[in-house]
Structure formats: C-alpha cells, structure tokens
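Undergrad: Sharing target-v4.txt (compact mmCIF, C-alpha atoms) below.
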```
# COMPACT_ATOMS: atom_id res chain seq x y z
CA GLN A 1 121.43 -135.49 48.39
CA VAL A 2 118.29 -137.06 46.98
CA GLN A 3 118.47 -137.64 43.24
CA LEU A 4 115.86 -138.96 40.84
CA GLN A 5 116.50 -140.15 37.30
CA GLU A 6 113.85 -141.03 34.75
CA SER A 7 114.46 -143.65 32.08
CA GLY A 8 112.47 -145.18 29.26
CA PRO A 9 111.92 -145.05 25.50
CA GLY A 10 111.80 -141.62 23.92
CA LEU A 11 109.43 -142.71 21.17
CA VAL A 12 106.19 -144.65 21.57
CA LYS A 13 103.72 -145.56 18.84
CA PRO A 14 100.06 -144.53 19.11
CA SER A 15 97.84 -147.03 20.92
CA GLU A 16 100.87 -148.64 22.61
CA THR A 17 101.91 -148.46 26.27
CA LEU A 18 104.35 -145.90 27.61
CA SER A 19 106.58 -147.31 30.35
CA LEU A 20 108.95 -145.22 32.45
CA THR A 21 111.07 -145.87 35.52
CA CYS A 22 112.40 -143.46 38.12
CA ALA A 23 115.56 -144.53 39.93
CA VAL A 24 116.02 -142.91 43.33
CA SER A 25 119.41 -142.42 44.99
CA GLY A 26 120.38 -140.77 48.24
CA TYR A 27 117.18 -141.87 49.96
CA SER A 28 115.46 -145.20 50.55
CA ILE A 29 111.92 -145.23 49.16
CA SER A 30 110.92 -147.68 51.90
CA SER A 31 111.75 -145.01 54.52
CA GLY A 32 108.75 -142.94 53.52
CA TYR A 33 107.65 -139.98 51.42
CA TYR A 34 105.38 -140.06 48.42
CA TRP A 35 106.65 -140.59 44.88
CA ALA A 36 105.00 -139.09 41.83
CA TRP A 37 104.90 -138.65 38.09
CA ILE A 38 104.21 -135.26 36.53
CA ARG A 39 104.34 -134.29 32.86
CA LEU A 40 104.77 -131.13 30.79
CA PRO A 41 103.25 -131.29 27.30
CA PRO A 42 104.77 -128.86 24.79
CA GLY A 43 103.15 -125.45 25.09
CA LYS A 44 100.93 -126.52 27.97
CA GLU A 45 101.00 -126.56 31.76
CA LEU A 46 102.37 -129.16 34.12
CA GLU A 47 99.99 -132.03 34.81
CA TRP A 48 100.11 -134.34 37.81
CA ILE A 49 99.69 -137.96 36.75
CA ALA A 50 99.93 -140.19 39.82
CA THR A 51 101.48 -140.65 43.26
CA ILE A 52 102.45 -143.73 45.24
CA TYR A 53 103.42 -144.22 48.88
CA HIS A 54 106.14 -146.73 49.72
CA SER A 55 103.50 -149.01 51.22
CA GLY A 56 101.76 -149.16 47.85
CA ASN A 57 98.89 -146.69 48.39
CA THR A 58 98.20 -145.00 45.08
CA TYR A 59 96.58 -141.76 43.97
CA TYR A 60 95.64 -140.98 40.38
CA ASN A 61 94.62 -137.93 38.36
CA PRO A 62 90.96 -138.69 37.59
CA SER A 63 91.41 -137.62 33.97
CA LEU A 64 94.10 -140.27 33.42
CA LYS A 65 93.15 -142.92 35.95
CA SER A 66 91.70 -145.38 33.47
CA ARG A 67 95.01 -145.57 31.57
CA VAL A 68 97.62 -145.20 34.31
CA THR A 69 99.36 -147.58 36.68
CA ILE A 70 102.03 -146.47 39.14
CA SER A 71 104.06 -149.04 41.03
CA VAL A 72 107.05 -149.20 43.36
CA ASP A 73 109.93 -151.65 43.70
CA THR A 74 111.58 -150.97 47.04
CA SER A 75 114.23 -153.65 46.44
CA LYS A 76 115.51 -151.65 43.46
CA ASN A 77 114.66 -148.29 45.06
CA GLU A 78 112.67 -147.25 42.02
CA PHE A 79 109.12 -146.61 40.95
CA SER A 80 107.45 -146.87 37.58
CA LEU A 81 104.70 -145.51 35.37
CA LYS A 82 102.64 -147.27 32.73
CA LEU A 83 100.30 -145.29 30.49
CA THR A 84 98.24 -147.33 28.07
CA SER A 85 96.62 -146.48 24.73
CA VAL A 86 98.78 -143.42 24.16
CA THR A 87 97.98 -140.73 21.60
CA ALA A 88 99.82 -137.66 20.38
CA THR A 89 98.38 -135.71 23.31
CA ASP A 90 100.53 -137.82 25.64
CA THR A 91 103.67 -136.35 24.08
CA ALA A 92 105.43 -134.55 26.93
CA ILE A 93 108.42 -134.26 29.19
CA TYR A 94 107.79 -136.75 31.97
CA TYR A 95 109.20 -135.96 35.41
CA CYS A 96 109.34 -138.00 38.56
CA GLY A 97 109.27 -136.28 41.94
CA ARG A 98 109.06 -136.67 45.71
CA SER A 99 106.60 -135.11 48.14
CA GLU A 100 105.84 -135.25 51.84
CA GLY A 101 102.19 -136.00 51.30
CA SER A 102 99.74 -137.01 48.62
CA TYR A 103 98.96 -133.33 48.00
CA LYS A 104 102.10 -131.63 49.29
CA SER A 105 104.73 -129.86 47.18
CA PHE A 106 107.40 -131.77 45.28
CA ASP A 107 110.76 -131.10 46.92
CA PHE A 108 112.95 -133.15 44.60
CA TRP A 109 112.51 -133.79 40.90
CA GLY A 110 114.26 -135.69 38.15
CA GLN A 111 115.48 -133.71 35.13
CA GLY A 112 112.75 -135.23 33.00
CA THR A 113 112.61 -137.42 29.92
CA MET A 114 110.99 -136.43 26.65
CA VAL A 115 108.50 -138.94 25.30
CA THR A 116 107.08 -138.50 21.82
CA VAL A 117 104.07 -140.42 20.64
CA SER A 118 104.32 -140.92 16.90
CA SER A 119 104.14 -143.67 14.31
CA GLN B 1 89.33 -128.46 37.19
CA SER B 2 90.94 -125.72 35.11
CA ALA B 3 94.58 -124.73 35.22
CA LEU B 4 95.57 -121.80 37.38
CA THR B 5 96.10 -118.62 35.37
CA GLN B 6 99.55 -117.05 35.16
CA PRO B 7 100.84 -114.24 32.92
CA ALA B 8 102.65 -115.71 29.93
CA SER B 9 105.72 -113.57 30.46
CA VAL B 10 107.27 -111.12 32.87
CA SER B 11 110.50 -109.21 32.37
CA GLY B 12 112.78 -106.97 34.36
CA SER B 13 116.27 -105.53 34.49
CA PRO B 14 119.01 -106.90 36.73
CA GLY B 15 118.53 -105.73 40.30
CA GLN B 16 114.86 -104.96 39.88
CA SER B 17 111.98 -106.77 41.55
CA ILE B 18 109.27 -108.54 39.61
CA THR B 19 106.04 -110.15 40.72
CA MET B 20 104.02 -112.79 38.91
CA SER B 21 100.49 -113.79 39.76
CA CYS B 22 98.70 -117.12 39.90
CA THR B 23 94.93 -116.91 39.87
CA GLY B 24 92.70 -119.76 40.88
CA THR B 25 89.33 -120.07 42.52
CA SER B 26 87.74 -120.30 45.93
CA SER B 27 87.96 -124.08 45.53
CA ASP B 28 91.74 -124.20 45.38
CA ILE B 29 93.98 -121.22 46.15
CA GLY B 30 91.23 -119.42 48.03
CA SER B 31 90.60 -122.30 50.41
CA TYR B 32 93.92 -124.02 50.97
CA ALA B 33 97.32 -122.69 52.06
CA LEU B 34 98.96 -125.26 49.81
CA VAL B 35 100.38 -123.11 47.03
CA SER B 36 103.81 -123.98 45.68
CA TRP B 37 106.09 -122.35 43.14
CA TYR B 38 108.58 -124.12 40.88
CA GLN B 39 111.39 -122.87 38.67
CA ILE B 40 112.27 -124.78 35.51
CA HIS B 41 115.38 -124.15 33.49
CA SER B 42 115.23 -125.93 30.14
CA GLY B 43 116.65 -129.44 30.37
CA LYS B 44 117.07 -129.30 34.12
CA ALA B 45 115.16 -130.67 37.07
CA PRO B 46 112.41 -128.37 38.32
CA LYS B 47 113.25 -126.65 41.58
CA LEU B 48 110.88 -126.00 44.46
CA LEU B 49 111.06 -122.32 45.41
CA ILE B 50 108.06 -121.81 47.70
CA PHE B 51 105.71 -124.19 49.49
CA GLU B 52 102.61 -123.61 51.63
CA VAL B 53 102.24 -120.10 50.13
CA THR B 54 105.17 -118.39 51.88
CA LYS B 55 107.71 -120.97 53.03
CA ARG B 56 111.13 -121.36 51.43
CA PRO B 57 112.94 -124.71 51.40
CA SER B 58 116.42 -124.77 52.83
CA GLY B 59 118.91 -123.49 50.30
CA VAL B 60 116.50 -121.33 48.30
CA SER B 61 117.55 -117.70 48.09
CA ASN B 62 115.56 -115.23 50.18
CA ARG B 63 115.18 -113.19 46.98
CA PHE B 64 112.19 -115.41 46.30
CA SER B 65 109.05 -114.77 48.32
CA GLY B 66 105.44 -115.86 48.11
CA SER B 67 102.12 -114.42 49.18
CA ARG B 68 98.39 -114.92 48.73
CA SER B 69 95.34 -112.68 48.64
CA GLY B 70 91.97 -114.24 48.08
CA ASN B 71 92.10 -116.56 45.09
CA THR B 72 95.41 -115.19 43.81
CA ALA B 73 98.90 -116.19 44.84
CA SER B 74 102.01 -114.25 43.89
CA LEU B 75 105.73 -114.90 43.57
CA THR B 76 108.14 -112.00 43.90
CA ILE B 77 111.75 -112.14 42.79
CA SER B 78 113.80 -109.31 44.23
CA GLY B 79 117.27 -108.30 43.06
CA LEU B 80 116.65 -109.97 39.70
CA GLN B 81 119.67 -111.87 38.33
CA THR B 82 120.40 -113.31 34.90
CA GLU B 83 120.25 -116.80 36.38
CA ASP B 84 116.59 -116.16 37.22
CA GLU B 85 115.69 -116.44 33.54
CA ALA B 86 113.48 -119.53 33.52
CA ASP B 87 109.90 -120.71 33.48
CA TYR B 88 107.91 -120.51 36.70
CA TYR B 89 104.88 -122.57 37.59
CA CYS B 90 102.52 -122.29 40.52
CA SER B 91 100.58 -125.19 41.97
CA SER B 92 97.74 -125.60 44.42
CA TYR B 93 95.94 -128.40 46.16
CA ALA B 94 92.51 -128.96 44.62
CA PRO B 95 90.06 -131.46 46.11
CA GLY B 96 89.44 -134.41 43.86
CA ILE B 97 92.55 -133.94 41.76
CA SER B 98 95.24 -133.33 44.42
CA TYR B 99 97.27 -130.92 42.29
CA VAL B 100 96.40 -128.21 39.83
CA PHE B 101 99.22 -126.32 38.13
CA GLY B 102 99.46 -122.88 36.61
CA THR B 103 99.85 -122.05 32.92
CA GLY B 104 103.44 -120.99 33.48
CA THR B 105 105.30 -117.68 33.31
CA GLU B 106 108.48 -117.08 31.31
CA VAL B 107 110.80 -114.66 33.07
CA THR B 108 113.19 -112.63 30.95
CA VAL B 109 116.04 -110.58 32.38
CA LEU B 110 116.59 -107.62 30.09
```
Represent the structure from my file as structure tokens, please.
TA:
Amino acid sequence: QVQLQESGPGLVKPSETLSLTCAVSGYSISSGYYWAWIRLPPGKELEWIATIYHSGNTYYNPSLKSRVTISVDTSKNEFSLKLTSVTATDTAIYYCGRSEGSYKSFDFWGQGTMVTVSS
Amino acid sequence: QSALTQPASVSGSPGQSITMSCTGTSSDIGSYALVSWYQIHSGKAPKLLIFEVTKRPSGVSNRFSGSRSGNTASLTISGLQTEDEADYYCSSYAPGISYVFGTGTEVTVL
C-alpha cells in the first residue's frame, strides 16, 4: 500500500522559508507517477501548489510560482517543498499526494501537516 | 481562475441519498472530463472517491457516484451512513493552472 507522510516545522516566521518533506513508502518514486503538494488554508478551499515527475519535470501554480520550489530525491524516496517569503496567508494544512499525470486526480495523499505562519 | 462553487453544507438521515453540486465554467468542468471528488475526515488523509467524472477507484464503495451536466458536476451518496460525515471537495482540470478545487461541502448525517 502506498503511503505518504509529510514532515516539517509547524511554525514559520513571516518572511522566512517554509520547508516540507514528503516521505513515500510502498512505491518507488523513480518508477513513475507524479508527486504533488496541495494545501488547505483554514476556512478556504484546497489549493494545488506544485507537481514534480520522477525525472525532475516540474509544474507550478502560476499564483505561487515565484515563491515555490519542488524537488525530488529518489535515493531517499522523498520529495520536498520550499515556499519563500511566507505570510499569514500561507498558514494551512499542507498535503502531499500522488497522481498519474500532471493534471490527473490524486489517488494517494498524506494525512497533512499544519503549518502556521506567525511571529 | 476562480474556485469551483459547492454548497457549504448538505445533510441527510441515515439510509437516504444526498447530492452535492460543483459548479464551474465552460473553461473547466464544461470542457474536460477530468472532475474528481475527495473526502476529507478531519486529521486524516484525503480520499479519492471519483475521478474522470464517473469512475470509482478500486475499494471505493459503490454508494458514491459522480455525474456531470454542462458546467456542473455532482456527487451522490446513496444509503447515507454516519461514517460519511466529512468534508467533500471537487476538482477539475483547468488550462493554465492544472487544478482548480471546489469551495468544499460539509456533509452532516442527522
């Protein structure tokens, strides 16, 4: 069974960089599929952040592209997210997920990690 | 690109059927058969219920079904159970952004 687990600090100061990692088990990232980050701000809708293919091809939400970097480490079977210059509006539950294509549905998700941006 | 519009809440009694809508535009739902539905229980991993408008992943109960008419997609839960209390989100492919999600619907089992 494919499992994803997010990890990272739960509190980030404004203007700093948010860094999260998603560890994948039960499936080798290098075998394929697309790997993504999605977030759910409190009281708002889900928002897709970025997707990466195991080969390194990346896809970004245009509204966040200038601040986001997604990367993959196939040797550790994990992928990561960096979001720079965070503000309170970046406070959200951050999920990692897997999809068959860069715009296909997410068939497996992590349980999410809450990140609060506050001084 | 605006979020897809969903009713904030839907409720029903055990055993009943409920349907929730997801309204987009001719640029997303109306043009692409790439609508998905997700169930989120608080503190748990979201679960894919429906993909490509009507398809159910292996292991998902056939009580969940999806449809689409024009720019609106719908999710129906038949034989409502207490475990169906959760938040539900739709999603569609949208050119230029890849994914647009719905505003979310809270389902309450009375």
Undergrad: Once you count all atoms listed in the file, what closest atom pair and distance in Å to one decimal does each residue of chain A within 7 Å of chain B have, with rows by chain and rising residue number, as a Markdown table?
TA:
```
| residue | atom | partner | partner_atom | distance |
| --- | --- | --- | --- | --- |
| A:Lys44 | CA | B:Thr103 | CA | 6.8 |
| A:Glu45 | CA | B:Thr103 | CA | 4.8 |
| A:Leu46 | CA | B:Phe101 | CA | 5.8 |
| A:Glu47 | CA | B:Phe101 | CA | 6.6 |
| A:Trp48 | CA | B:Tyr99 | CA | 6.3 |
| A:Asn61 | CA | B:Ile97 | CA | 5.6 |
| A:Pro62 | CA | B:Ile97 | CA | 6.5 |
| A:Tyr103 | CA | B:Ser98 | CA | 5.2 |
| A:Ser105 | CA | B:Ser36 | CA | 6.1 |
| A:Phe106 | CA | B:Leu48 | CA | 6.8 |
| A:Asp107 | CA | B:Leu48 | CA | 5.7 |
| A:Trp109 | CA | B:Ala45 | CA | 5.6 |
| A:Gly110 | CA | B:Ala45 | CA | 5.2 |
| A:Gln111 | CA | B:Ala45 | CA | 3.6 |
| A:Gly112 | CA | B:Ala45 | CA | 6.6 |
```
Undergrad: Which is closer to Tyr32 in chain B than all the others in A:Gly43, A:Lys104, A:Thr21, A:Val2, using all atoms listed in the file?
TA: A:Lys104
Undergrad: Compile the contact shell of Leu80 in chain B as a list in words: residues with an atom at most 6 Å away, counting all atoms listed in the file, same-chain residues fewer than 5 positions apart removed.
TA: Pro14, Gly15, Gln16 and Ser17 of chain B
Undergrad: State, in Å with one decimal place, the distance from CA of Leu18 in chain A to CA of Leu40 in chain A.
TA: 15.1 Å
Undergrad: Would you mind telling me which residue in B:Ser11, B:Gln39, B:Thr25, B:Gln6 lies nearest to Tyr88 in chain B when using all atoms listed in the file?
TA: B:Gln39
Undergrad: Between B:Ser9, B:Ser21, B:Val109, B:Ser2, which is the closest to Thr76 in chain B once you count only C-alpha atoms?
TA: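 Under the stated criterion, the closest residue is B:Ser21.
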Undergrad: So how far away is CA of Gly30 in chain B from CA of Ala73 in chain B, in Å?
TA: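 Going from CA of Ala73 in chain B over to CA of Gly30 in chain B covers 8.9 Å.
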Undergrad: Could you jot down the CA of Gly97 in chain A to CA of Ser118 in chain A separation for me, Å, one decimal place?
TA: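 Taking CA of Gly97 in chain A and CA of Ser118 in chain A, their separation equals 25.9 Å.
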Undergrad: Under the rule that all atoms listed in the file are counted, which of B:Gly59, B:Thr5, B:Val10, B:Asn71 is the nearest residue to Glu106 in chain B?
TA: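 Among B:Gly59, B:Thr5, B:Val10, B:Asn71, it is B:Val10 that comes nearest to Glu106 in chain B.
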Undergrad: Taking 2 positions as the minimum chain separation for residues in the same chain, which residues sit within 7 Å of Ser7 in chain A when counting only C-alpha atoms? Answer as a ChimeraX atom specification.
TA: /A:5,20-22,113
Undergrad: Taking only C-alpha atoms into account, which of A:Arg98, A:Lys82, A:His54, A:Lys76 comes nearest Ser31 in chain A?
TA: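 Looking at the shortest contact to Ser31 in chain A, the residue is A:His54.
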